[in-house]
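Novice: File final.pdb below, PDB, C-alpha atoms:
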ATOM      1  CA  MET A   1       1.913 -20.350   9.409
ATOM      2  CA  GLU A   2      -1.326 -20.596   7.475
ATOM      3  CA  PHE A   3      -2.861 -17.145   7.232
ATOM      4  CA  GLY A   4      -6.363 -18.360   6.415
ATOM      5  CA  LEU A   5      -6.776 -16.429   3.171
ATOM      6  CA  ASP A   6      -8.354 -19.279   1.221
ATOM      7  CA  ASP A   7     -11.796 -18.195  -0.004
ATOM      8  CA  ARG A   8     -10.894 -14.531   0.605
ATOM      9  CA  THR A   9     -10.792 -11.892  -2.114
ATOM     10  CA  ALA A  10      -8.053  -9.273  -1.829
ATOM     11  CA  LEU A  11      -8.032  -6.099  -3.926
ATOM     12  CA  VAL A  12      -4.698  -4.279  -4.205
ATOM     13  CA  THR A  13      -4.647  -0.758  -5.639
ATOM     14  CA  GLY A  14      -1.488   0.202  -7.470
ATOM     15  CA  GLY A  15      -1.087  -3.509  -8.008
ATOM     16  CA  ALA A  16       1.208  -3.137 -11.013
ATOM     17  CA  GLY A  17       3.869  -1.251  -9.053
ATOM     18  CA  ARG A  18       6.855  -2.677  -7.202
ATOM     19  CA  ILE A  19       5.316  -2.908  -3.729
ATOM     20  CA  GLY A  20       1.799  -3.488  -5.038
ATOM     21  CA  SER A  21       2.817  -6.411  -7.234
ATOM     22  CA  ALA A  22       4.746  -7.967  -4.344
ATOM     23  CA  ASP A  23       1.608  -7.622  -2.205
ATOM     24  CA  CYS A  24      -0.418  -9.349  -4.920
ATOM     25  CA  HIS A  25       2.006 -12.251  -5.259
ATOM     26  CA  VAL A  26       2.256 -12.915  -1.520
ATOM     27  CA  LEU A  27      -1.513 -12.694  -0.979
ATOM     28  CA  ALA A  28      -2.037 -15.133  -3.856
ATOM     29  CA  GLU A  29       0.558 -17.496  -2.399
ATOM     30  CA  GLU A  30      -1.452 -17.442   0.827
ATOM     31  CA  GLY A  31      -4.534 -18.565  -1.081
ATOM     32  CA  ALA A  32      -6.428 -15.338  -1.725
ATOM     33  CA  GLU A  33      -8.135 -14.527  -4.982
ATOM     34  CA  VAL A  34      -6.336 -11.317  -5.930
ATOM     35  CA  VAL A  35      -7.766  -8.377  -7.825
ATOM     36  CA  VAL A  36      -4.824  -6.469  -9.304
ATOM     37  CA  LEU A  37      -6.101  -2.924  -9.760
ATOM     38  CA  ASP A  38      -4.044  -0.227 -11.419
ATOM     39  CA  VAL A  39      -4.533   2.756 -13.716
ATOM     40  CA  ASN A  40      -2.027   0.867 -15.892
ATOM     41  CA  GLU A  41      -4.309  -1.982 -16.967
ATOM     42  CA  GLU A  42      -1.621  -3.645 -19.083
ATOM     43  CA  GLY A  43       0.739  -3.724 -16.103
ATOM     44  CA  ALA A  44      -2.029  -5.106 -13.896
ATOM     45  CA  ARG A  45      -2.685  -7.846 -16.447
ATOM     46  CA  GLU A  46       0.998  -8.809 -16.464
ATOM     47  CA  VAL A  47       0.962  -9.247 -12.684
ATOM     48  CA  ALA A  48      -2.270 -11.248 -12.810
ATOM     49  CA  ASP A  49      -0.827 -13.466 -15.538
ATOM     50  CA  GLU A  50       2.295 -14.096 -13.438
ATOM     51  CA  ILE A  51       0.153 -15.111 -10.471
ATOM     52  CA  GLU A  52      -1.948 -17.483 -12.537
ATOM     53  CA  ALA A  53       1.184 -18.973 -14.139
ATOM     54  CA  ASP A  54       2.338 -19.794 -10.614
ATOM     55  CA  GLY A  55      -0.962 -21.519  -9.877
ATOM     56  CA  GLY A  56      -2.694 -18.628  -8.128
ATOM     57  CA  ASP A  57      -6.039 -16.959  -8.762
ATOM     58  CA  ALA A  58      -6.029 -13.382 -10.013
ATOM     59  CA  MET A  59      -7.859 -10.909 -12.193
ATOM     60  CA  ALA A  60      -6.646  -7.596 -13.610
ATOM     61  CA  VAL A  61      -8.678  -4.405 -13.464
ATOM     62  CA  GLY A  62      -7.870  -0.997 -14.928
ATOM     63  CA  CYS A  63      -9.225   1.893 -12.900
ATOM     64  CA  ASP A  64      -8.472   5.560 -12.287
ATOM     65  CA  LEU A  65      -9.067   6.042  -8.561
ATOM     66  CA  THR A  66      -9.628   9.777  -9.030
ATOM     67  CA  ASP A  67     -12.728   9.121 -11.168
ATOM     68  CA  ARG A  68     -15.540   8.350  -8.707
ATOM     69  CA  ASP A  69     -17.923   7.050 -11.351
ATOM     70  CA  GLU A  70     -15.259   4.704 -12.697
ATOM     71  CA  VAL A  71     -14.434   3.522  -9.182
ATOM     72  CA  ALA A  72     -18.102   2.805  -8.469
ATOM     73  CA  ASP A  73     -18.497   0.829 -11.693
ATOM     74  CA  THR A  74     -15.258  -1.065 -11.075
ATOM     75  CA  VAL A  75     -16.130  -2.069  -7.519
ATOM     76  CA  GLU A  76     -19.545  -3.261  -8.649
ATOM     77  CA  ALA A  77     -17.985  -5.331 -11.435
ATOM     78  CA  VAL A  78     -15.511  -6.869  -8.990
ATOM     79  CA  ARG A  79     -18.344  -7.617  -6.572
ATOM     80  CA  GLU A  80     -20.319  -9.395  -9.297
ATOM     81  CA  GLU A  81     -17.253 -11.407 -10.323
ATOM     82  CA  THR A  82     -15.947 -12.344  -6.871
ATOM     83  CA  GLY A  83     -18.842 -11.925  -4.460
ATOM     84  CA  GLY A  84     -17.185  -9.041  -2.634
ATOM     85  CA  VAL A  85     -13.838  -7.758  -1.402
ATOM     86  CA  ASP A  86     -12.620  -9.100   1.951
ATOM     87  CA  VAL A  87      -9.191  -7.450   1.994
ATOM     88  CA  LEU A  88      -8.469  -3.966   0.625
ATOM     89  CA  VAL A  89      -4.844  -2.908   0.284
ATOM     90  CA  ASN A  90      -4.644   0.829  -0.377
ATOM     91  CA  ASN A  91      -1.255   0.853  -2.036
ATOM     92  CA  ALA A  92      -1.674   3.288  -4.960
ATOM     93  CA  GLY A  93       0.187   6.563  -4.613
ATOM     94  CA  MET A  94       2.535   9.104  -6.181
ATOM     95  CA  VAL A  95       5.949   9.983  -4.774
ATOM     96  CA  ASP A  96       7.763  12.117  -7.368
ATOM     97  CA  ALA A  97       6.613  15.649  -6.452
ATOM     98  CA  VAL A  98       9.688  17.166  -4.796
ATOM     99  CA  GLY A  99      10.080  20.756  -3.739
ATOM    100  CA  ARG A 100      10.377  22.969  -0.677
ATOM    101  CA  VAL A 101       7.533  25.194   0.468
ATOM    102  CA  GLY A 102       7.215  28.001  -2.067
ATOM    103  CA  ASP A 103       8.904  25.986  -4.808
ATOM    104  CA  LEU A 104       6.512  23.039  -5.097
ATOM    105  CA  ASP A 105       4.350  23.095  -8.207
ATOM    106  CA  ASP A 106       0.730  23.707  -7.198
ATOM    107  CA  ASP A 107      -0.521  21.211  -9.763
ATOM    108  CA  LEU A 108       1.686  18.499  -8.289
ATOM    109  CA  TRP A 109       0.329  19.254  -4.807
ATOM    110  CA  ASP A 110      -3.220  18.912  -6.140
ATOM    111  CA  ARG A 111      -2.350  15.706  -7.985
ATOM    112  CA  ASP A 112      -0.821  14.053  -4.913
ATOM    113  CA  MET A 113      -3.831  14.980  -2.791
ATOM    114  CA  GLU A 114      -6.195  13.638  -5.440
ATOM    115  CA  ILE A 115      -4.401  10.322  -5.924
ATOM    116  CA  ASN A 116      -2.874   9.528  -2.538
ATOM    117  CA  LEU A 117      -5.710  10.695  -0.313
ATOM    118  CA  THR A 118      -8.908  11.249  -2.290
ATOM    119  CA  GLY A 119      -8.303   8.208  -4.493
ATOM    120  CA  THR A 120      -7.884   6.075  -1.386
ATOM    121  CA  TYR A 121     -11.120   7.480   0.004
ATOM    122  CA  ASN A 122     -12.959   6.920  -3.278
ATOM    123  CA  ILE A 123     -12.380   3.183  -3.333
ATOM    124  CA  THR A 124     -12.515   2.578   0.408
ATOM    125  CA  GLU A 125     -15.909   4.179   0.812
ATOM    126  CA  ARG A 126     -17.231   1.805  -1.858
ATOM    127  CA  ILE A 127     -15.835  -1.324  -0.162
ATOM    128  CA  PHE A 128     -15.683  -0.683   3.596
ATOM    129  CA  PRO A 129     -19.461  -0.553   4.285
ATOM    130  CA  ALA A 130     -19.972  -3.948   2.633
ATOM    131  CA  MET A 131     -17.236  -5.402   4.828
ATOM    132  CA  CYS A 132     -19.067  -4.112   7.891
ATOM    133  CA  ASP A 133     -22.344  -5.566   6.633
ATOM    134  CA  ARG A 134     -20.700  -9.008   6.200
ATOM    135  CA  GLY A 135     -19.006  -8.824   9.606
ATOM    136  CA  TRP A 136     -15.443  -9.401   8.366
ATOM    137  CA  GLY A 137     -12.859  -7.320   6.563
ATOM    138  CA  ARG A 138      -9.328  -6.008   6.457
ATOM    139  CA  VAL A 139      -8.202  -2.585   5.257
ATOM    140  CA  ILE A 140      -4.455  -1.996   4.956
ATOM    141  CA  SER A 141      -3.259   1.460   3.911
ATOM    142  CA  MET A 142       0.279   2.245   2.800
ATOM    143  CA  SER A 143       1.782   5.260   4.516
ATOM    144  CA  SER A 144       5.527   5.939   4.804
ATOM    145  CA  VAL A 145       8.160   7.080   7.272
ATOM    146  CA  ALA A 146       7.719  10.374   5.432
ATOM    147  CA  GLY A 147       4.165  10.375   6.766
ATOM    148  CA  THR A 148       5.169   9.617  10.350
ATOM    149  CA  HIS A 149       8.362  11.699  10.503
ATOM    150  CA  GLY A 150       8.145  14.187   7.638
ATOM    151  CA  GLY A 151      10.358  14.283   4.579
ATOM    152  CA  PHE A 152      12.559  17.212   3.542
ATOM    153  CA  GLY A 153      11.377  18.444   0.159
ATOM    154  CA  GLN A 154       8.449  16.018   0.161
ATOM    155  CA  LEU A 155       5.719  18.327   1.405
ATOM    156  CA  SER A 156       2.797  16.940  -0.593
ATOM    157  CA  TYR A 157       3.859  13.300  -0.260
ATOM    158  CA  SER A 158       4.479  13.564   3.493
ATOM    159  CA  THR A 159       1.184  15.347   4.012
ATOM    160  CA  THR A 160      -0.821  12.728   2.136
ATOM    161  CA  LYS A 161       0.946   9.831   3.842
ATOM    162  CA  SER A 162       0.339  11.447   7.231
ATOM    163  CA  GLY A 163      -3.308  11.835   6.259
ATOM    164  CA  LEU A 164      -3.543   8.104   5.632
ATOM    165  CA  VAL A 165      -2.628   7.515   9.273
ATOM    166  CA  GLY A 166      -5.664   9.438  10.470
ATOM    167  CA  PHE A 167      -7.754   7.852   7.731
ATOM    168  CA  GLY A 168      -6.764   4.324   8.734
ATOM    169  CA  LYS A 169      -7.207   4.914  12.462
ATOM    170  CA  THR A 170     -10.691   6.328  11.933
ATOM    171  CA  LEU A 171     -11.644   3.276   9.873
ATOM    172  CA  ALA A 172     -10.348   1.117  12.716
ATOM    173  CA  LEU A 173     -12.678   2.822  15.175
ATOM    174  CA  GLU A 174     -15.671   2.492  12.876
ATOM    175  CA  GLY A 175     -14.915  -1.069  11.792
ATOM    176  CA  ALA A 176     -13.941  -2.716  15.082
ATOM    177  CA  PRO A 177     -17.503  -3.379  16.308
ATOM    178  CA  GLU A 178     -18.297  -4.951  12.925
ATOM    179  CA  GLY A 179     -15.325  -7.322  12.730
ATOM    180  CA  VAL A 180     -13.360  -5.129  10.322
ATOM    181  CA  THR A 181      -9.768  -4.117  11.069
ATOM    182  CA  SER A 182      -7.784  -1.234   9.606
ATOM    183  CA  ASN A 183      -4.030  -0.845   9.892
ATOM    184  CA  ILE A 184      -1.361   1.341   8.360
ATOM    185  CA  ILE A 185       2.085   0.299   7.121
ATOM    186  CA  ALA A 186       4.880   2.880   7.103
ATOM    187  CA  PRO A 187       7.873   1.599   5.110
ATOM    188  CA  SER A 188      11.190   3.305   4.574
ATOM    189  CA  ILE A 189      13.012   2.949   1.238
ATOM    190  CA  VAL A 190      12.376  -0.428  -0.404
ATOM    191  CA  VAL A 191      14.509  -1.040  -3.459
ATOM    192  CA  GLY A 192      14.449  -4.696  -4.481
ATOM    193  CA  GLN A 193      17.864  -6.141  -5.281
ATOM    194  CA  LEU A 194      19.641  -3.017  -4.053
ATOM    195  CA  ALA A 195      18.709  -4.157  -0.552
ATOM    196  CA  GLU A 196      21.320  -6.881  -0.887
ATOM    197  CA  MET A 197      24.082  -4.386  -1.731
ATOM    198  CA  ASP A 198      26.595  -2.738   0.533
ATOM    199  CA  PRO A 199      25.795   0.967   1.020
ATOM    200  CA  ASP A 200      29.080   1.968  -0.640
ATOM    201  CA  ASP A 201      28.053   0.042  -3.743
ATOM    202  CA  ILE A 202      24.744   1.908  -3.912
ATOM    203  CA  GLU A 203      26.563   5.244  -4.080
ATOM    204  CA  ASP A 204      26.838   5.195  -7.870
ATOM    205  CA  VAL A 205      23.162   4.250  -8.232
ATOM    206  CA  ASN A 206      21.648   6.767  -5.825
ATOM    207  CA  PRO A 207      23.795   8.640  -3.269
ATOM    208  CA  HIS A 208      20.705   9.540  -1.217
ATOM    209  CA  TRP A 209      19.718   5.891  -0.891
ATOM    210  CA  ALA A 210      23.287   5.054   0.069
ATOM    211  CA  ASP A 211      23.093   7.604   2.903
ATOM    212  CA  ILE A 212      19.809   6.084   4.090
ATOM    213  CA  ALA A 213      21.286   2.584   4.002
ATOM    214  CA  ARG A 214      24.219   3.755   6.131
ATOM    215  CA  ALA A 215      21.812   5.370   8.608
ATOM    216  CA  THR A 216      19.692   2.222   8.876
ATOM    217  CA  PRO A 217      20.627   0.158  11.952
ATOM    218  CA  ALA A 218      19.948  -3.043  10.002
ATOM    219  CA  GLY A 219      22.716  -1.964   7.629
ATOM    220  CA  HIS A 220      20.764  -2.190   4.394
ATOM    221  CA  LEU A 221      17.614  -1.015   2.643
ATOM    222  CA  GLY A 222      14.342  -2.935   2.483
ATOM    223  CA  ARG A 223      12.796  -5.304  -0.041
ATOM    224  CA  GLU A 224       9.265  -5.225  -1.395
ATOM    225  CA  GLU A 225       8.683  -8.639   0.180
ATOM    226  CA  ASP A 226       9.385  -7.169   3.623
ATOM    227  CA  VAL A 227       6.260  -5.061   3.172
ATOM    228  CA  ALA A 228       4.213  -7.753   1.420
ATOM    229  CA  ASN A 229       4.773 -10.308   4.173
ATOM    230  CA  LEU A 230       3.361  -7.851   6.716
ATOM    231  CA  VAL A 231       0.394  -7.190   4.412
ATOM    232  CA  ALA A 232      -0.357 -10.922   4.386
ATOM    233  CA  TYR A 233      -0.277 -11.097   8.172
ATOM    234  CA  LEU A 234      -2.497  -8.047   8.659
ATOM    235  CA  ALA A 235      -4.947  -9.561   6.159
ATOM    236  CA  SER A 236      -5.086 -12.821   8.080
ATOM    237  CA  GLU A 237      -7.409 -14.405  10.604
ATOM    238  CA  GLN A 238      -4.560 -14.292  13.118
ATOM    239  CA  ALA A 239      -4.462 -10.480  12.986
ATOM    240  CA  GLY A 240      -8.101 -10.060  13.964
ATOM    241  CA  PHE A 241      -7.227  -8.261  17.234
ATOM    242  CA  VAL A 242      -4.718  -5.920  15.579
ATOM    243  CA  THR A 243      -6.352  -2.704  14.447
ATOM    244  CA  GLY A 244      -5.622   1.015  14.272
ATOM    245  CA  GLN A 245      -1.878   0.420  14.303
ATOM    246  CA  VAL A 246       0.918   2.082  12.354
ATOM    247  CA  VAL A 247       3.564  -0.556  11.707
ATOM    248  CA  GLY A 248       6.960   0.488  10.404
ATOM    249  CA  VAL A 249       8.974  -1.622   7.976
ATOM    250  CA  THR A 250      12.175   0.350   8.299
ATOM    251  CA  GLY A 251      15.156  -1.662   9.517
ATOM    252  CA  GLY A 252      15.187   0.786  12.431
ATOM    253  CA  VAL A 253      15.979   3.912  10.390
ATOM    254  CA  ASP A 254      13.196   5.776  12.191
ATOM    255  CA  LEU A 255      14.736   5.129  15.623
ATOM    256  CA  PHE A 256      16.671   7.783  17.492
ATOM    257  CA  THR A 257      20.368   6.907  17.505
ATOM    258  CA  TYR A 258      23.300   8.665  19.142
TER     259      TYR A 258
END
What does the file become when written as structure tokens?

Specialist:
Amino acid sequence: MEFGLDDRTALVTGGAGRIGSADCHVLAEEGAEVVVLDVNEEGAREVADEIEADGGDAMAVGCDLTDRDEVADTVEAVREETGGVDVLVNNAGMVDAVGRVGDLDDDLWDRDMEINLTGTYNITERIFPAMCDRGWGRVISMSSVAGTHGGFGQLSYSTTKSGLVGFGKTLALEGAPEGVTSNIIAPSIVVGQLAEMDPDDIEDVNPHWADIARATPAGHLGREEDVANLVAYLASEQAGFVTGQVVGVTGGVDLFTY
């Protein structure tokens, strides 16, 4: 299926990370010009170089999403270079703050709110209005099963990922009359090559992941490409009537089983 991303510019935040880089590669393969944005500019450049080596079109941008002035300058520079962003993938986020209520470090709570939620707002509010003005756009925000179901010991992460659901649905309401869609993806654990392994073999790597793999009806964990392929579809012309939806990429782990 041709997703109609030729002549579209897609900006992926957190583009140097595992899921973000997979998003960038798949969007480029579908013909989009990809802006790989990450606070790690060197990592973003590596991803952009890989895309261009494969014949795609990409540029790397370093940006701290928590710095509103830097975000404004970055978006303007991208607009001058590309003509404007058609697809925004809000992928950047932190996941390592773990602690039960009363034990969680206050600074880590503040950091997760600033990066996962406020950072997403900072860049979206600079790009979304221009999409509405042009009459076409796609916003895809990365939540998590922790955001739809909660996550033991993941108070700040779950809260921010739940917030992205409300954020994305509100954008969908505001963007629909203007030809702009907004959807939310809620993956479970995605672990690259470990997804090909039997759960018992994952035990020595990460016992928690092994337990999740065993609890997943599909029988294994997910791959970054499982998420990226959905990103490409939601960014496409074909997905123009899909908006305000939370789509799980979970192998069924979020289903109730007896």

Novice: Stretch 146-181 of chain A near stretch 103-120 of chain A within 7 Å: what's each residue's closest atom pair and its distance in Å to one decimal, counting only C-alpha atoms, ordered by chain then ascending residue number, as a tab-separated table?

Specialist:
residue	atom	partner	partner_atom	distance
A:Ser156	CA	A:Trp109	CA	5.4
A:Tyr157	CA	A:Asp112	CA	6.6
A:Thr160	CA	A:Leu117	CA	5.8
A:Leu164	CA	A:Leu117	CA	6.8

Novice: Extending 3 Å beyond the listed atoms of stretch 223-231 of chain A on each side, what axis-aligned box results? I want centre and edge lengths in Å to one decimal, as AutoDock Vina command-line options.

Specialist:
--center_x 6.6 --center_y -7.7 --center_z 2.7 --size_x 18.4 --size_y 11.2 --size_z 14.1

Novice: Name every residue that the PyMOL selection byres ((chain A and resi 64) around 10) selects in this structure, writing the answer as a PyMOL selection string with chains first and numbers rising.

Specialist: chain A and resi 13+37-41+62-63+65-71+74+115+119

Novice: If you measure from atom CA of A:Asp198 to atom CA of A:Leu221, what distance in Å do you get, rounded to one decimal?

Specialist: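 So the answer is 9.4 Å.
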
Novice: My list of candidates is A:Leu171, A:Ala28, A:Ile202, A:Met59. Which is closest to A:Glu125 when distances are computed with only C-alpha atoms?

Specialist: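 With only C-alpha atoms as the atom set, the closest residue is A:Leu171.
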
Novice: Using all atoms listed in the file, which of A:Gln238, A:Thr216, A:Thr250, A:Thr243 sits nearest A:Gly168?

Specialist: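 Among A:Gln238, A:Thr216, A:Thr250, A:Thr243, it is A:Thr243 that comes nearest to A:Gly168.
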
Novice: Considering all atoms listed in the file, return as a list in words whatever protein or nucleic-acid residues lie within 10 Å of A:Ala48, sequence-local ones (same chain, fewer than 5 positions apart) excluded.

Specialist: Gly15, Ala16, Ser21, Cys24, His25, Ala28, Val34, Val35, Val36, Leu37, Glu42, Gly43, Ala53, Asp54, Gly56, Asp57, Ala58, Met59, Ala60 and Val61 of chain A

Novice: So what does the PyMOL selection byres ((chain A and resi 220) around 12) actually pick up in this one, as number ranges by chain?

Specialist: A: 188-202, 209-219, 221-223, 250-253

Novice: Would you compute the distance between atom CA of A:Ile184 and atom CA of A:Val139? Give it in Å to one decimal.

Specialist: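 Atom-to-atom, atom CA of A:Ile184 to atom CA of A:Val139, that is 8.5 Å.
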
Novice: Nearest residue to A:Leu230 out of A:Val26, A:Ala72, A:Met94, A:Val180, using only C-alpha atoms?

Specialist: A:Val26

Novice: If you measure from atom CA of A:Thr9 to atom CA of A:Asp86, what distance in Å do you get, rounded to one decimal?

Specialist: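 Between these atoms lies a distance of 5.3 Å.
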
Novice: With distances taken over all atoms listed in the file, which residue among A:Ala186, A:Glu224, A:Glu174, A:Ser162 lies nearest A:Gly17?

Specialist: A:Glu224

Novice: Give me the residues within 9 Å of A:Val85 as a ChimeraX atom specification, counting only C-alpha atoms and dropping any in the same chain fewer than 3 places off.

Specialist: /A:8-11,35,75,78-79,82,88,127-128,130-131,137

Novice: Need to verify the contact set: A:Cys132, 7 Å, only C-alpha atoms, exclusion of same-chain residues closer than 2 positions in sequence. Can you return it as a list in words?

Specialist: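 Selected residues are Phe128, Pro129, Ala130, Arg134, Gly135, Trp136, Gly175, Glu178, Gly179 and Val180 of chain A.
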
Novice: Would you output that residue set with C-alpha atoms, as a CSV table (one decimal), in the coordinates of the input?

Specialist:
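Result file follows (result06.csv):
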chain,number,residue,atom,x,y,z
A,128,PHE,CA,-15.7,-0.7,3.6
A,129,PRO,CA,-19.5,-0.6,4.3
A,130,ALA,CA,-20.0,-3.9,2.6
A,134,ARG,CA,-20.7,-9.0,6.2
A,135,GLY,CA,-19.0,-8.8,9.6
A,136,TRP,CA,-15.4,-9.4,8.4
A,175,GLY,CA,-14.9,-1.1,11.8
A,178,GLU,CA,-18.3,-5.0,12.9
A,179,GLY,CA,-15.3,-7.3,12.7
A,180,VAL,CA,-13.4,-5.1,10.3

Novice: Choose the residue, out of A:Ala44, A:Val87, A:Val165, A:Val95, that has the smallest atom-to-atom separation from A:Thr181; count all atoms listed in the file.

Specialist: A:Val87

Novice: Atoms are missing here; could stretch 134-148 of chain A be completed with N, CA and C atoms and written as a compact mmCIF listing (two decimals), in the frame of the given file?

Specialist:
# COMPACT_ATOMS: atom_id res chain seq x y z
N ARG A 134 -20.99 -7.58 6.17
CA ARG A 134 -20.70 -9.01 6.20
C ARG A 134 -20.07 -9.44 7.52
N GLY A 135 -19.58 -8.48 8.31
CA GLY A 135 -19.01 -8.82 9.61
C GLY A 135 -17.57 -9.30 9.55
N TRP A 136 -16.87 -9.02 8.46
CA TRP A 136 -15.44 -9.40 8.37
C TRP A 136 -14.79 -8.56 7.29
N GLY A 137 -13.59 -8.07 7.57
CA GLY A 137 -12.86 -7.32 6.56
C GLY A 137 -11.53 -6.84 7.08
N ARG A 138 -10.65 -6.53 6.13
CA ARG A 138 -9.33 -6.01 6.46
C ARG A 138 -9.02 -4.86 5.50
N VAL A 139 -8.66 -3.72 6.06
CA VAL A 139 -8.20 -2.58 5.26
C VAL A 139 -6.77 -2.30 5.67
N ILE A 140 -5.87 -2.25 4.69
CA ILE A 140 -4.46 -2.00 4.96
C ILE A 140 -4.04 -0.83 4.06
N SER A 141 -3.61 0.26 4.67
CA SER A 141 -3.26 1.46 3.91
C SER A 141 -1.76 1.71 4.01
N MET A 142 -1.17 2.08 2.88
CA MET A 142 0.28 2.24 2.80
C MET A 142 0.67 3.70 3.03
N SER A 143 1.22 3.95 4.22
CA SER A 143 1.78 5.26 4.52
C SER A 143 3.28 5.21 4.22
N SER A 144 4.09 5.86 5.03
CA SER A 144 5.53 5.94 4.80
C SER A 144 6.16 6.57 6.04
N VAL A 145 7.47 6.35 6.21
CA VAL A 145 8.16 7.08 7.27
C VAL A 145 8.08 8.59 7.00
N ALA A 146 7.91 8.96 5.74
CA ALA A 146 7.72 10.37 5.43
C ALA A 146 6.40 10.89 6.00
N GLY A 147 5.44 9.99 6.18
CA GLY A 147 4.16 10.38 6.77
C GLY A 147 4.18 10.40 8.28
N THR A 148 5.08 9.64 8.89
CA THR A 148 5.17 9.62 10.35
C THR A 148 6.25 10.55 10.89
